[in-house]
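K.L.:
The following file, target-v6.cif, comprises mmCIF, N, CA and C atoms and all ligand atoms:
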data_query
#
loop_
_atom_site.label_atom_id
_atom_site.label_comp_id
_atom_site.auth_asym_id
_atom_site.auth_seq_id
_atom_site.Cartn_x
_atom_site.Cartn_y
_atom_site.Cartn_z
N MET A 270 379.52 -34.31 137.04
CA MET A 270 379.22 -34.73 138.45
C MET A 270 377.71 -34.57 138.71
N GLY A 271 376.94 -35.38 138.05
CA GLY A 271 375.48 -35.27 138.11
C GLY A 271 374.92 -35.45 139.51
N ILE A 272 375.48 -36.41 140.24
CA ILE A 272 374.97 -36.73 141.58
C ILE A 272 375.10 -35.52 142.49
N LEU A 273 376.27 -34.88 142.41
CA LEU A 273 376.53 -33.72 143.27
C LEU A 273 375.56 -32.60 142.95
N GLU A 274 375.36 -32.34 141.67
CA GLU A 274 374.45 -31.28 141.25
C GLU A 274 373.03 -31.59 141.70
N ASP A 275 372.64 -32.84 141.57
CA ASP A 275 371.32 -33.26 142.04
C ASP A 275 371.16 -32.97 143.52
N ALA A 276 372.19 -33.28 144.29
CA ALA A 276 372.14 -33.09 145.74
C ALA A 276 371.94 -31.61 146.07
N ILE A 277 372.69 -30.76 145.38
CA ILE A 277 372.58 -29.32 145.63
C ILE A 277 371.20 -28.82 145.21
N TYR A 278 370.74 -29.31 144.05
CA TYR A 278 369.42 -28.91 143.56
C TYR A 278 368.35 -29.32 144.56
N ASN A 279 368.45 -30.55 145.09
CA ASN A 279 367.47 -31.03 146.05
C ASN A 279 367.49 -30.19 147.32
N ALA A 280 368.69 -29.81 147.75
CA ALA A 280 368.82 -29.00 148.96
C ALA A 280 368.12 -27.67 148.77
N LYS A 281 368.26 -27.10 147.58
CA LYS A 281 367.65 -25.80 147.29
C LYS A 281 366.13 -25.90 147.25
N THR A 282 365.63 -26.93 146.53
CA THR A 282 364.18 -27.05 146.44
C THR A 282 363.59 -27.43 147.79
N ALA A 283 364.34 -28.19 148.58
CA ALA A 283 363.85 -28.61 149.89
C ALA A 283 363.63 -27.41 150.80
N ALA A 284 364.36 -26.33 150.57
CA ALA A 284 364.22 -25.14 151.39
C ALA A 284 362.80 -24.61 151.31
N GLY A 285 362.11 -24.91 150.22
CA GLY A 285 360.73 -24.47 150.05
C GLY A 285 359.74 -25.29 150.86
N PHE A 286 360.16 -26.47 151.29
CA PHE A 286 359.29 -27.32 152.08
C PHE A 286 359.22 -26.82 153.52
N VAL A 287 358.25 -27.34 154.25
CA VAL A 287 358.09 -26.87 155.63
C VAL A 287 358.76 -27.80 156.63
N GLY A 288 359.32 -27.19 157.65
CA GLY A 288 359.78 -27.85 158.87
C GLY A 288 360.56 -29.13 158.70
N LYS A 289 360.03 -30.19 159.34
CA LYS A 289 360.74 -31.47 159.45
C LYS A 289 361.13 -32.02 158.09
N LYS A 290 360.23 -31.86 157.14
CA LYS A 290 360.48 -32.40 155.80
C LYS A 290 361.76 -31.82 155.22
N ALA A 291 361.89 -30.49 155.27
CA ALA A 291 363.06 -29.81 154.72
C ALA A 291 364.32 -30.31 155.42
N GLU A 292 364.25 -30.42 156.75
CA GLU A 292 365.40 -30.85 157.53
C GLU A 292 365.86 -32.23 157.07
N LYS A 293 364.90 -33.12 156.86
CA LYS A 293 365.21 -34.48 156.44
C LYS A 293 365.89 -34.48 155.07
N PHE A 294 365.35 -33.68 154.15
CA PHE A 294 365.91 -33.61 152.80
C PHE A 294 367.35 -33.10 152.82
N VAL A 295 367.60 -32.07 153.63
CA VAL A 295 368.94 -31.48 153.68
C VAL A 295 369.93 -32.51 154.22
N ASP A 296 369.53 -33.26 155.24
CA ASP A 296 370.41 -34.29 155.79
C ASP A 296 370.82 -35.29 154.71
N ILE A 297 369.83 -35.74 153.95
CA ILE A 297 370.11 -36.71 152.89
C ILE A 297 371.01 -36.08 151.84
N SER A 298 370.77 -34.81 151.53
CA SER A 298 371.60 -34.12 150.54
C SER A 298 373.06 -34.07 150.98
N LYS A 299 373.25 -33.77 152.28
CA LYS A 299 374.63 -33.72 152.82
C LYS A 299 375.30 -35.07 152.65
N LEU A 300 374.55 -36.12 152.99
CA LEU A 300 375.09 -37.48 152.86
C LEU A 300 375.38 -37.81 151.41
N THR A 301 374.48 -37.38 150.52
CA THR A 301 374.67 -37.64 149.09
C THR A 301 375.92 -36.95 148.59
N ILE A 302 376.15 -35.72 149.09
CA ILE A 302 377.37 -34.98 148.69
C ILE A 302 378.60 -35.73 149.18
N SER A 303 378.57 -36.20 150.43
CA SER A 303 379.70 -36.98 150.97
C SER A 303 379.96 -38.21 150.11
N ALA A 304 378.88 -38.90 149.75
CA ALA A 304 379.01 -40.11 148.93
C ALA A 304 379.63 -39.77 147.58
N ALA A 305 379.21 -38.65 146.99
CA ALA A 305 379.75 -38.24 145.69
C ALA A 305 381.24 -37.90 145.80
N GLU A 306 381.59 -37.22 146.91
CA GLU A 306 382.99 -36.85 147.12
C GLU A 306 383.85 -38.10 147.30
N LEU A 307 383.33 -39.05 148.08
CA LEU A 307 384.07 -40.30 148.30
C LEU A 307 384.24 -41.06 146.99
N SER A 308 383.18 -41.11 146.18
CA SER A 308 383.26 -41.80 144.89
C SER A 308 384.32 -41.19 144.00
N SER A 309 384.35 -39.85 143.97
CA SER A 309 385.32 -39.19 143.10
C SER A 309 386.74 -39.40 143.62
N GLU A 310 386.89 -39.44 144.96
CA GLU A 310 388.19 -39.70 145.58
C GLU A 310 388.66 -41.12 145.22
N ILE A 311 387.72 -42.07 145.27
CA ILE A 311 388.04 -43.46 144.91
C ILE A 311 388.49 -43.54 143.45
N SER A 312 387.76 -42.83 142.57
CA SER A 312 388.12 -42.82 141.14
C SER A 312 389.52 -42.28 140.94
N LYS A 313 389.83 -41.16 141.65
CA LYS A 313 391.16 -40.55 141.52
C LYS A 313 392.24 -41.53 141.94
N LYS A 314 392.02 -42.16 143.11
CA LYS A 314 393.01 -43.11 143.65
C LYS A 314 393.18 -44.30 142.70
N CYS A 315 392.09 -44.76 142.11
CA CYS A 315 392.16 -45.88 141.18
C CYS A 315 392.96 -45.49 139.94
N GLU A 316 392.77 -44.25 139.52
CA GLU A 316 393.51 -43.76 138.36
C GLU A 316 395.01 -43.73 138.66
N ILE A 317 395.36 -43.21 139.86
CA ILE A 317 396.77 -43.17 140.28
C ILE A 317 397.33 -44.59 140.35
N LEU A 318 396.53 -45.48 140.95
CA LEU A 318 396.94 -46.87 141.07
C LEU A 318 397.26 -47.46 139.70
N GLY A 319 396.38 -47.16 138.73
CA GLY A 319 396.60 -47.65 137.37
C GLY A 319 397.92 -47.17 136.81
N ARG A 320 398.22 -45.89 137.03
CA ARG A 320 399.47 -45.32 136.52
C ARG A 320 400.68 -45.96 137.19
N VAL A 321 400.55 -46.16 138.52
CA VAL A 321 401.65 -46.77 139.27
C VAL A 321 401.90 -48.20 138.79
N VAL A 322 400.80 -48.94 138.58
CA VAL A 322 400.93 -50.32 138.11
C VAL A 322 401.59 -50.33 136.73
N TYR A 323 401.18 -49.38 135.88
CA TYR A 323 401.78 -49.28 134.55
C TYR A 323 403.28 -49.02 134.66
N GLU A 324 403.64 -48.06 135.52
CA GLU A 324 405.06 -47.75 135.77
C GLU A 324 405.81 -49.00 136.21
N ALA A 325 405.19 -49.72 137.15
CA ALA A 325 405.83 -50.91 137.72
C ALA A 325 406.07 -51.97 136.64
N LYS A 326 405.10 -52.09 135.72
CA LYS A 326 405.20 -53.12 134.69
C LYS A 326 406.18 -52.74 133.58
N THR A 327 406.36 -51.42 133.39
CA THR A 327 407.18 -50.98 132.28
C THR A 327 408.57 -50.52 132.70
N SER A 328 408.83 -50.51 134.01
CA SER A 328 410.17 -50.13 134.46
C SER A 328 410.73 -51.19 135.41
N ASP A 329 411.97 -51.03 135.79
CA ASP A 329 412.60 -52.00 136.69
C ASP A 329 412.39 -51.64 138.16
N LYS A 330 411.85 -50.45 138.39
CA LYS A 330 411.66 -50.01 139.78
C LYS A 330 410.57 -50.82 140.46
N CYS A 331 410.69 -50.91 141.79
CA CYS A 331 409.69 -51.64 142.57
C CYS A 331 408.68 -50.66 143.16
N TYR A 332 407.42 -50.87 142.79
CA TYR A 332 406.36 -49.98 143.28
C TYR A 332 405.42 -50.70 144.26
N ASP A 333 405.85 -51.86 144.74
CA ASP A 333 404.98 -52.66 145.60
C ASP A 333 404.42 -51.89 146.79
N LYS A 334 405.29 -51.10 147.43
CA LYS A 334 404.85 -50.36 148.63
C LYS A 334 403.79 -49.33 148.25
N ALA A 335 404.06 -48.58 147.19
CA ALA A 335 403.11 -47.55 146.74
C ALA A 335 401.78 -48.19 146.36
N ILE A 336 401.86 -49.35 145.67
CA ILE A 336 400.63 -50.04 145.26
C ILE A 336 399.86 -50.52 146.49
N ALA A 337 400.57 -51.10 147.44
CA ALA A 337 399.92 -51.59 148.65
C ALA A 337 399.24 -50.45 149.40
N GLU A 338 399.92 -49.30 149.47
CA GLU A 338 399.35 -48.15 150.17
C GLU A 338 398.09 -47.64 149.47
N LEU A 339 398.16 -47.59 148.14
CA LEU A 339 397.00 -47.13 147.37
C LEU A 339 395.81 -48.08 147.52
N VAL A 340 396.11 -49.38 147.46
CA VAL A 340 395.05 -50.38 147.61
C VAL A 340 394.38 -50.23 148.98
N GLU A 341 395.23 -50.03 150.00
CA GLU A 341 394.70 -49.88 151.36
C GLU A 341 393.81 -48.64 151.46
N LYS A 342 394.30 -47.53 150.86
CA LYS A 342 393.55 -46.27 150.89
C LYS A 342 392.21 -46.41 150.16
N ILE A 343 392.23 -47.10 149.02
CA ILE A 343 391.00 -47.29 148.24
C ILE A 343 390.00 -48.14 149.04
N SER A 344 390.50 -49.20 149.68
CA SER A 344 389.63 -50.05 150.50
C SER A 344 389.00 -49.24 151.62
N ASP A 345 389.82 -48.38 152.23
CA ASP A 345 389.35 -47.53 153.32
C ASP A 345 388.24 -46.60 152.83
N LEU A 346 388.47 -45.96 151.68
CA LEU A 346 387.48 -45.05 151.10
C LEU A 346 386.19 -45.79 150.74
N LYS A 347 386.35 -47.01 150.22
CA LYS A 347 385.17 -47.81 149.86
C LYS A 347 384.36 -48.15 151.10
N GLY A 348 385.06 -48.44 152.18
CA GLY A 348 384.38 -48.72 153.45
C GLY A 348 383.57 -47.51 153.91
N GLN A 349 384.21 -46.32 153.79
CA GLN A 349 383.52 -45.08 154.18
C GLN A 349 382.30 -44.84 153.30
N LEU A 350 382.46 -45.10 152.00
CA LEU A 350 381.34 -44.92 151.06
C LEU A 350 380.18 -45.85 151.41
N ASP A 351 380.52 -47.09 151.76
CA ASP A 351 379.48 -48.05 152.16
C ASP A 351 378.71 -47.52 153.36
N SER A 352 379.45 -46.99 154.36
CA SER A 352 378.81 -46.46 155.56
C SER A 352 377.86 -45.33 155.21
N VAL A 353 378.34 -44.41 154.35
CA VAL A 353 377.52 -43.26 153.96
C VAL A 353 376.27 -43.73 153.22
N ASN A 354 376.44 -44.69 152.31
CA ASN A 354 375.30 -45.21 151.55
C ASN A 354 374.30 -45.89 152.48
N GLU A 355 374.81 -46.60 153.48
CA GLU A 355 373.94 -47.24 154.47
C GLU A 355 373.14 -46.18 155.21
N LEU A 356 373.84 -45.10 155.60
CA LEU A 356 373.18 -44.00 156.32
C LEU A 356 372.09 -43.36 155.47
N ILE A 357 372.38 -43.21 154.17
CA ILE A 357 371.38 -42.62 153.27
C ILE A 357 370.14 -43.50 153.25
N ALA A 358 370.36 -44.81 153.08
CA ALA A 358 369.23 -45.75 153.04
C ALA A 358 368.44 -45.69 154.35
N GLU A 359 369.18 -45.61 155.45
CA GLU A 359 368.56 -45.57 156.77
C GLU A 359 367.74 -44.29 156.93
N THR A 360 368.35 -43.17 156.55
CA THR A 360 367.69 -41.88 156.70
C THR A 360 366.41 -41.82 155.89
N LYS A 361 366.46 -42.45 154.71
CA LYS A 361 365.27 -42.43 153.84
C LYS A 361 364.12 -43.21 154.45
N ASN A 362 364.45 -44.20 155.29
CA ASN A 362 363.40 -45.04 155.86
C ASN A 362 363.07 -44.69 157.31
N ARG A 363 363.72 -43.66 157.81
CA ARG A 363 363.51 -43.29 159.21
C ARG A 363 363.05 -41.85 159.32
N VAL A 364 362.36 -41.57 160.41
CA VAL A 364 361.95 -40.22 160.71
C VAL A 364 362.48 -39.87 162.10
N LYS A 365 363.20 -38.77 162.17
CA LYS A 365 363.75 -38.35 163.45
C LYS A 365 362.74 -37.43 164.13
N CYS A 366 362.44 -37.71 165.40
CA CYS A 366 361.49 -36.89 166.13
C CYS A 366 362.07 -35.49 166.34
N PRO A 367 361.31 -34.45 165.97
CA PRO A 367 361.82 -33.08 166.12
C PRO A 367 361.87 -32.66 167.58
N ASN A 368 361.16 -33.39 168.43
CA ASN A 368 361.09 -33.03 169.83
C ASN A 368 362.19 -33.68 170.66
N CYS A 369 362.37 -35.01 170.52
CA CYS A 369 363.32 -35.70 171.39
C CYS A 369 364.43 -36.42 170.61
N SER A 370 364.43 -36.27 169.27
CA SER A 370 365.48 -36.83 168.41
C SER A 370 365.50 -38.35 168.33
N THR A 371 364.46 -39.00 168.88
CA THR A 371 364.37 -40.45 168.74
C THR A 371 364.09 -40.79 167.28
N VAL A 372 364.77 -41.83 166.76
CA VAL A 372 364.55 -42.23 165.38
C VAL A 372 363.41 -43.24 165.33
N ASN A 373 362.38 -42.89 164.57
CA ASN A 373 361.21 -43.75 164.42
C ASN A 373 361.15 -44.27 163.00
N SER A 374 360.35 -45.32 162.80
CA SER A 374 360.20 -45.85 161.44
C SER A 374 359.43 -44.84 160.59
N LYS A 375 359.64 -44.94 159.27
CA LYS A 375 359.05 -43.99 158.33
C LYS A 375 357.52 -43.96 158.44
N ASP A 376 356.93 -45.11 158.80
CA ASP A 376 355.48 -45.22 158.83
C ASP A 376 354.86 -44.72 160.13
N ALA A 377 355.71 -44.42 161.12
CA ALA A 377 355.19 -43.98 162.40
C ALA A 377 354.51 -42.63 162.27
N ILE A 378 353.36 -42.50 162.92
CA ILE A 378 352.64 -41.22 162.88
C ILE A 378 353.05 -40.39 164.09
N PHE A 379 353.23 -41.08 165.23
CA PHE A 379 353.66 -40.40 166.44
C PHE A 379 354.99 -40.98 166.92
N CYS A 380 355.79 -40.17 167.62
CA CYS A 380 357.06 -40.62 168.18
C CYS A 380 356.79 -41.68 169.23
N GLY A 381 357.55 -42.80 169.16
CA GLY A 381 357.37 -43.88 170.10
C GLY A 381 357.79 -43.52 171.51
N LYS A 382 358.59 -42.48 171.66
CA LYS A 382 359.09 -42.11 172.98
C LYS A 382 358.28 -41.00 173.63
N CYS A 383 358.10 -39.89 172.89
CA CYS A 383 357.45 -38.73 173.51
C CYS A 383 356.06 -38.46 172.96
N GLY A 384 355.66 -39.18 171.90
CA GLY A 384 354.30 -39.00 171.37
C GLY A 384 354.14 -37.82 170.44
N GLU A 385 355.24 -37.14 170.11
CA GLU A 385 355.19 -36.01 169.18
C GLU A 385 354.69 -36.49 167.81
N ARG A 386 353.84 -35.67 167.17
CA ARG A 386 353.38 -36.02 165.82
C ARG A 386 354.54 -35.95 164.84
N LEU A 387 354.72 -37.01 164.07
CA LEU A 387 355.85 -37.08 163.15
C LEU A 387 355.47 -36.79 161.71
N ARG A 388 354.17 -36.85 161.44
CA ARG A 388 353.75 -36.66 160.05
C ARG A 388 352.82 -35.47 159.94
N ASN A 389 352.94 -34.75 158.84
CA ASN A 389 352.03 -33.64 158.57
C ASN A 389 350.68 -34.20 158.14
N SER A 390 349.64 -33.40 158.30
CA SER A 390 348.30 -33.87 158.00
C SER A 390 348.18 -34.28 156.54
N GLU A 391 348.97 -33.65 155.66
CA GLU A 391 348.90 -33.99 154.22
C GLU A 391 349.34 -35.42 153.96
N ASP A 392 350.16 -35.97 154.88
CA ASP A 392 350.63 -37.35 154.73
C ASP A 392 349.63 -38.36 155.28
N MET A 393 348.67 -37.86 156.04
CA MET A 393 347.75 -38.77 156.70
C MET A 393 346.77 -39.36 155.71
N PRO A 394 346.54 -40.66 155.81
CA PRO A 394 345.60 -41.29 154.88
C PRO A 394 344.16 -40.84 155.14
N GLN A 395 343.80 -40.59 156.40
CA GLN A 395 342.45 -40.12 156.70
C GLN A 395 342.52 -38.79 157.44
N PRO A 396 341.41 -38.04 157.49
CA PRO A 396 341.41 -36.73 158.13
C PRO A 396 341.90 -36.77 159.57
N ASP A 397 342.57 -35.70 159.94
CA ASP A 397 343.10 -35.56 161.29
C ASP A 397 341.94 -35.55 162.30
N GLU A 398 342.26 -35.79 163.57
CA GLU A 398 341.22 -35.67 164.60
C GLU A 398 340.74 -34.22 164.57
N VAL A 399 339.45 -34.01 164.68
CA VAL A 399 338.87 -32.68 164.45
C VAL A 399 339.39 -31.70 165.50
N GLU A 400 339.98 -30.61 164.97
CA GLU A 400 340.60 -29.63 165.86
C GLU A 400 339.61 -28.55 166.31
N GLU A 401 338.38 -28.59 165.77
CA GLU A 401 337.42 -27.53 166.09
C GLU A 401 336.14 -28.10 166.70
N PRO A 402 336.23 -28.49 167.96
CA PRO A 402 335.02 -29.00 168.62
C PRO A 402 334.10 -27.86 169.04
N LYS A 403 334.58 -26.59 168.89
CA LYS A 403 333.82 -25.41 169.31
C LYS A 403 332.45 -25.38 168.64
N GLU A 404 332.47 -25.70 167.31
CA GLU A 404 331.23 -25.67 166.54
C GLU A 404 330.15 -26.53 167.20
N THR A 405 330.55 -27.77 167.51
CA THR A 405 329.60 -28.70 168.11
C THR A 405 329.19 -28.22 169.50
N GLU A 406 330.19 -27.73 170.25
CA GLU A 406 329.91 -27.24 171.60
C GLU A 406 328.87 -26.12 171.55
N LYS A 407 329.15 -25.17 170.62
CA LYS A 407 328.26 -24.01 170.48
C LYS A 407 326.84 -24.47 170.18
N ASN A 408 326.75 -25.43 169.20
CA ASN A 408 325.45 -25.94 168.81
C ASN A 408 324.73 -26.56 170.00
N THR A 409 325.48 -27.34 170.77
CA THR A 409 324.88 -28.00 171.93
C THR A 409 324.38 -26.97 172.92
N VAL A 410 325.26 -25.93 173.13
CA VAL A 410 324.88 -24.87 174.08
C VAL A 410 323.63 -24.16 173.59
N GLU A 411 323.62 -23.80 172.29
CA GLU A 411 322.47 -23.10 171.71
C GLU A 411 321.21 -23.94 171.82
N ALA A 412 321.40 -25.24 171.48
CA ALA A 412 320.27 -26.14 171.52
C ALA A 412 319.69 -26.23 172.94
N SER A 413 320.60 -26.31 173.92
CA SER A 413 320.12 -26.47 175.30
C SER A 413 319.48 -25.19 175.79
N THR A 414 319.95 -23.99 175.30
CA THR A 414 319.35 -22.73 175.75
C THR A 414 317.95 -22.57 175.15
N GLU A 415 317.82 -23.07 173.93
CA GLU A 415 316.53 -22.94 173.26
C GLU A 415 315.45 -23.74 173.97
N GLU A 416 315.90 -24.83 174.57
CA GLU A 416 314.89 -25.72 175.18
C GLU A 416 314.19 -25.09 176.36
ZN ZN A 501 359.92 -37.85 170.40
#
Will you turn the file into structure tokens for me?
Ligand SMILES: [Zn+2]
P.N.:
Amino acid sequence: MGILEDAIYNAKTAAGFVGKKAEKFVDISKLTISAAELSSEISKKCEILGRVVYEAKTSDKCYDKAIAELVEKISDLKGQLDSVNELIAETKNRVKCPNCSTVNSKDAIFCGKCGERLRNSEDMPQPDEVEEPKETEKNTVEASTEE
């Protein structure tokens, strides 16, 4: 079950990340685990279906109802798996605002609703707006006192 192990491994390593990033990774890991569980459930049901079909072909008993039920269950599980996979794709391309929970596009730097910063400075292509104007202020003050 490589996918499941990967998901757990990712969840563990993600714990080392900071804040929003870790939260995002864990969400995807949960979804990945759900997808893996659904896949294995589908495999099991398909295996049972195979056995039932074999029974039906090799005996005189009628298994139509059991087969129909299994087919329906497998279709249902496949539908659920599709939804989970869609969610995974969506989550990977979206960023949820930590302040107001609005979902923004992955490329958004600020939340479209509340203006909260969505990306860490390490993700920024260029330097952040300077957080230390004190230096310049001090210099200006010093310069003006000297005059
Ligand atoms: Zn927001």
K.L.:
At a cut-off of 6 Å around ligand ZN 501 (chain A), and using all atoms listed in the file, what residues come up? Please write them as a list in words.
P.N.:
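Residues lying within 6 Å of ligand ZN 501 (chain A): Cys366, Pro367, Asn368, Cys369, Ser370, Thr371, Cys380, Gly381, Lys382, Cys383, Gly384 and Glu385 of chain A.
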K.L.:
In Å, rounded to a single decimal, give me how far atom CA of Tyr332 of chain A is from atom N of Asp345 of chain A.
P.N.:
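Distance reported for this atom pair: 18.9 Å.
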K.L.:
Just checking: using all atoms listed in the file, which residue out of A:Asp333, A:Val353, A:Ile343, A:Gly348 ends up closest to Glu310 of chain A?
P.N.:
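Answer, going by the shortest atom-to-atom distance: A:Ile343.
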K.L.:
Interatomic distance between atom CA of Ser303 of chain A and atom CA of Leu356 of chain A?
P.N.:
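Distance reported for this atom pair: 11.0 Å.
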K.L.:
Using only C-alpha atoms, can you list as a list in words the residues within 10 Å of (380.3, -38.7, 150.0)?
P.N.:
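Result, sorted by chain then residue number: Leu273, Ser298, Lys299, Leu300, Thr301, Ile302, Ser303, Ala304, Ala305, Glu306, Leu307, Ser308, Ser309, Glu310, Leu346, Gln349, Leu350, Asp351, Ser352, Val353 and Asn354 of chain A.
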K.L.:
Output file request: segment 319-398 of chain A, with C-alpha atoms, as a short mmCIF file (atom, residue, chain, number, x, y, z; two decimals), in the first residue's frame.
P.N.:
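Done, and the output landed in out-v6.cif:
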data_model
loop_
_atom_site.label_atom_id
_atom_site.label_comp_id
_atom_site.auth_asym_id
_atom_site.auth_seq_id
_atom_site.Cartn_x
_atom_site.Cartn_y
_atom_site.Cartn_z
CA GLY A 319 -15.21 -11.92 -9.83
CA ARG A 320 -15.83 -14.82 -7.47
CA VAL A 321 -19.60 -14.37 -7.65
CA VAL A 322 -19.50 -14.26 -11.45
CA TYR A 323 -17.37 -17.42 -11.45
CA GLU A 324 -19.89 -19.12 -9.14
CA ALA A 325 -22.73 -18.01 -11.39
CA LYS A 326 -21.02 -19.38 -14.50
CA THR A 327 -20.06 -22.69 -12.93
CA SER A 328 -23.24 -23.46 -11.00
CA ASP A 329 -26.96 -23.49 -11.70
CA LYS A 330 -27.73 -20.92 -9.02
CA CYS A 331 -28.79 -17.42 -9.98
CA TYR A 332 -26.47 -14.70 -8.71
CA ASP A 333 -27.96 -11.83 -10.72
CA LYS A 334 -29.13 -9.92 -7.64
CA ALA A 335 -25.78 -10.25 -5.85
CA ILE A 336 -23.95 -9.20 -9.03
CA ALA A 337 -26.23 -6.21 -9.54
CA GLU A 338 -25.72 -5.14 -5.92
CA LEU A 339 -21.95 -5.45 -6.18
CA VAL A 340 -21.85 -3.52 -9.46
CA GLU A 341 -23.94 -0.76 -7.88
CA LYS A 342 -21.68 -0.65 -4.81
CA ILE A 343 -18.53 -0.49 -6.98
CA SER A 344 -20.01 2.34 -9.07
CA ASP A 345 -20.87 4.19 -5.88
CA LEU A 346 -17.33 3.76 -4.52
CA LYS A 347 -15.86 4.88 -7.84
CA GLY A 348 -18.00 8.00 -7.70
CA GLN A 349 -16.71 8.72 -4.19
CA LEU A 350 -13.13 8.16 -5.34
CA ASP A 351 -13.63 10.59 -8.22
CA SER A 352 -14.91 13.23 -5.78
CA VAL A 353 -11.94 12.73 -3.46
CA ASN A 354 -9.48 12.90 -6.38
CA GLU A 355 -11.17 16.09 -7.58
CA LEU A 356 -10.82 17.55 -4.08
CA ILE A 357 -7.14 16.62 -4.00
CA ALA A 358 -6.56 18.37 -7.34
CA GLU A 359 -8.52 21.37 -6.12
CA THR A 360 -6.68 21.55 -2.80
CA LYS A 361 -3.34 21.41 -4.57
CA ASN A 362 -4.27 24.42 -6.68
CA ARG A 363 -5.98 26.44 -3.99
CA VAL A 364 -4.93 28.26 -0.87
CA LYS A 365 -7.34 28.63 2.00
CA CYS A 366 -7.12 31.93 3.86
CA PRO A 367 -6.09 31.27 7.48
CA ASN A 368 -8.04 34.33 8.57
CA CYS A 369 -11.45 34.06 6.88
CA SER A 370 -11.30 30.59 5.23
CA THR A 371 -11.95 32.01 1.76
CA VAL A 372 -10.44 29.78 -0.93
CA ASN A 373 -8.05 31.71 -3.15
CA SER A 374 -6.07 30.63 -6.20
CA LYS A 375 -2.63 29.15 -5.59
CA ASP A 376 -0.96 32.20 -7.14
CA ALA A 377 -2.73 34.71 -4.91
CA ILE A 378 -0.43 36.59 -2.55
CA PHE A 379 -3.21 38.19 -0.53
CA CYS A 380 -6.71 36.94 0.32
CA GLY A 381 -9.27 38.37 -2.10
CA LYS A 382 -11.76 38.90 0.71
CA CYS A 383 -9.90 40.08 3.81
CA GLY A 384 -6.45 40.93 2.41
CA GLU A 385 -4.61 38.47 4.67
CA ARG A 386 -1.17 37.50 3.35
CA LEU A 387 -1.41 34.00 1.90
CA ARG A 388 2.20 33.36 1.02
CA ASN A 389 5.32 33.28 3.13
CA SER A 390 8.14 35.60 2.18
CA GLU A 391 10.20 32.61 0.99
CA ASP A 392 7.60 32.07 -1.75
CA MET A 393 7.76 35.65 -2.91
CA PRO A 394 9.59 36.24 -6.16
CA GLN A 395 10.89 39.63 -4.98
CA PRO A 396 11.76 40.99 -1.51
CA ASP A 397 8.91 41.79 0.82
CA GLU A 398 7.94 45.42 1.46
#
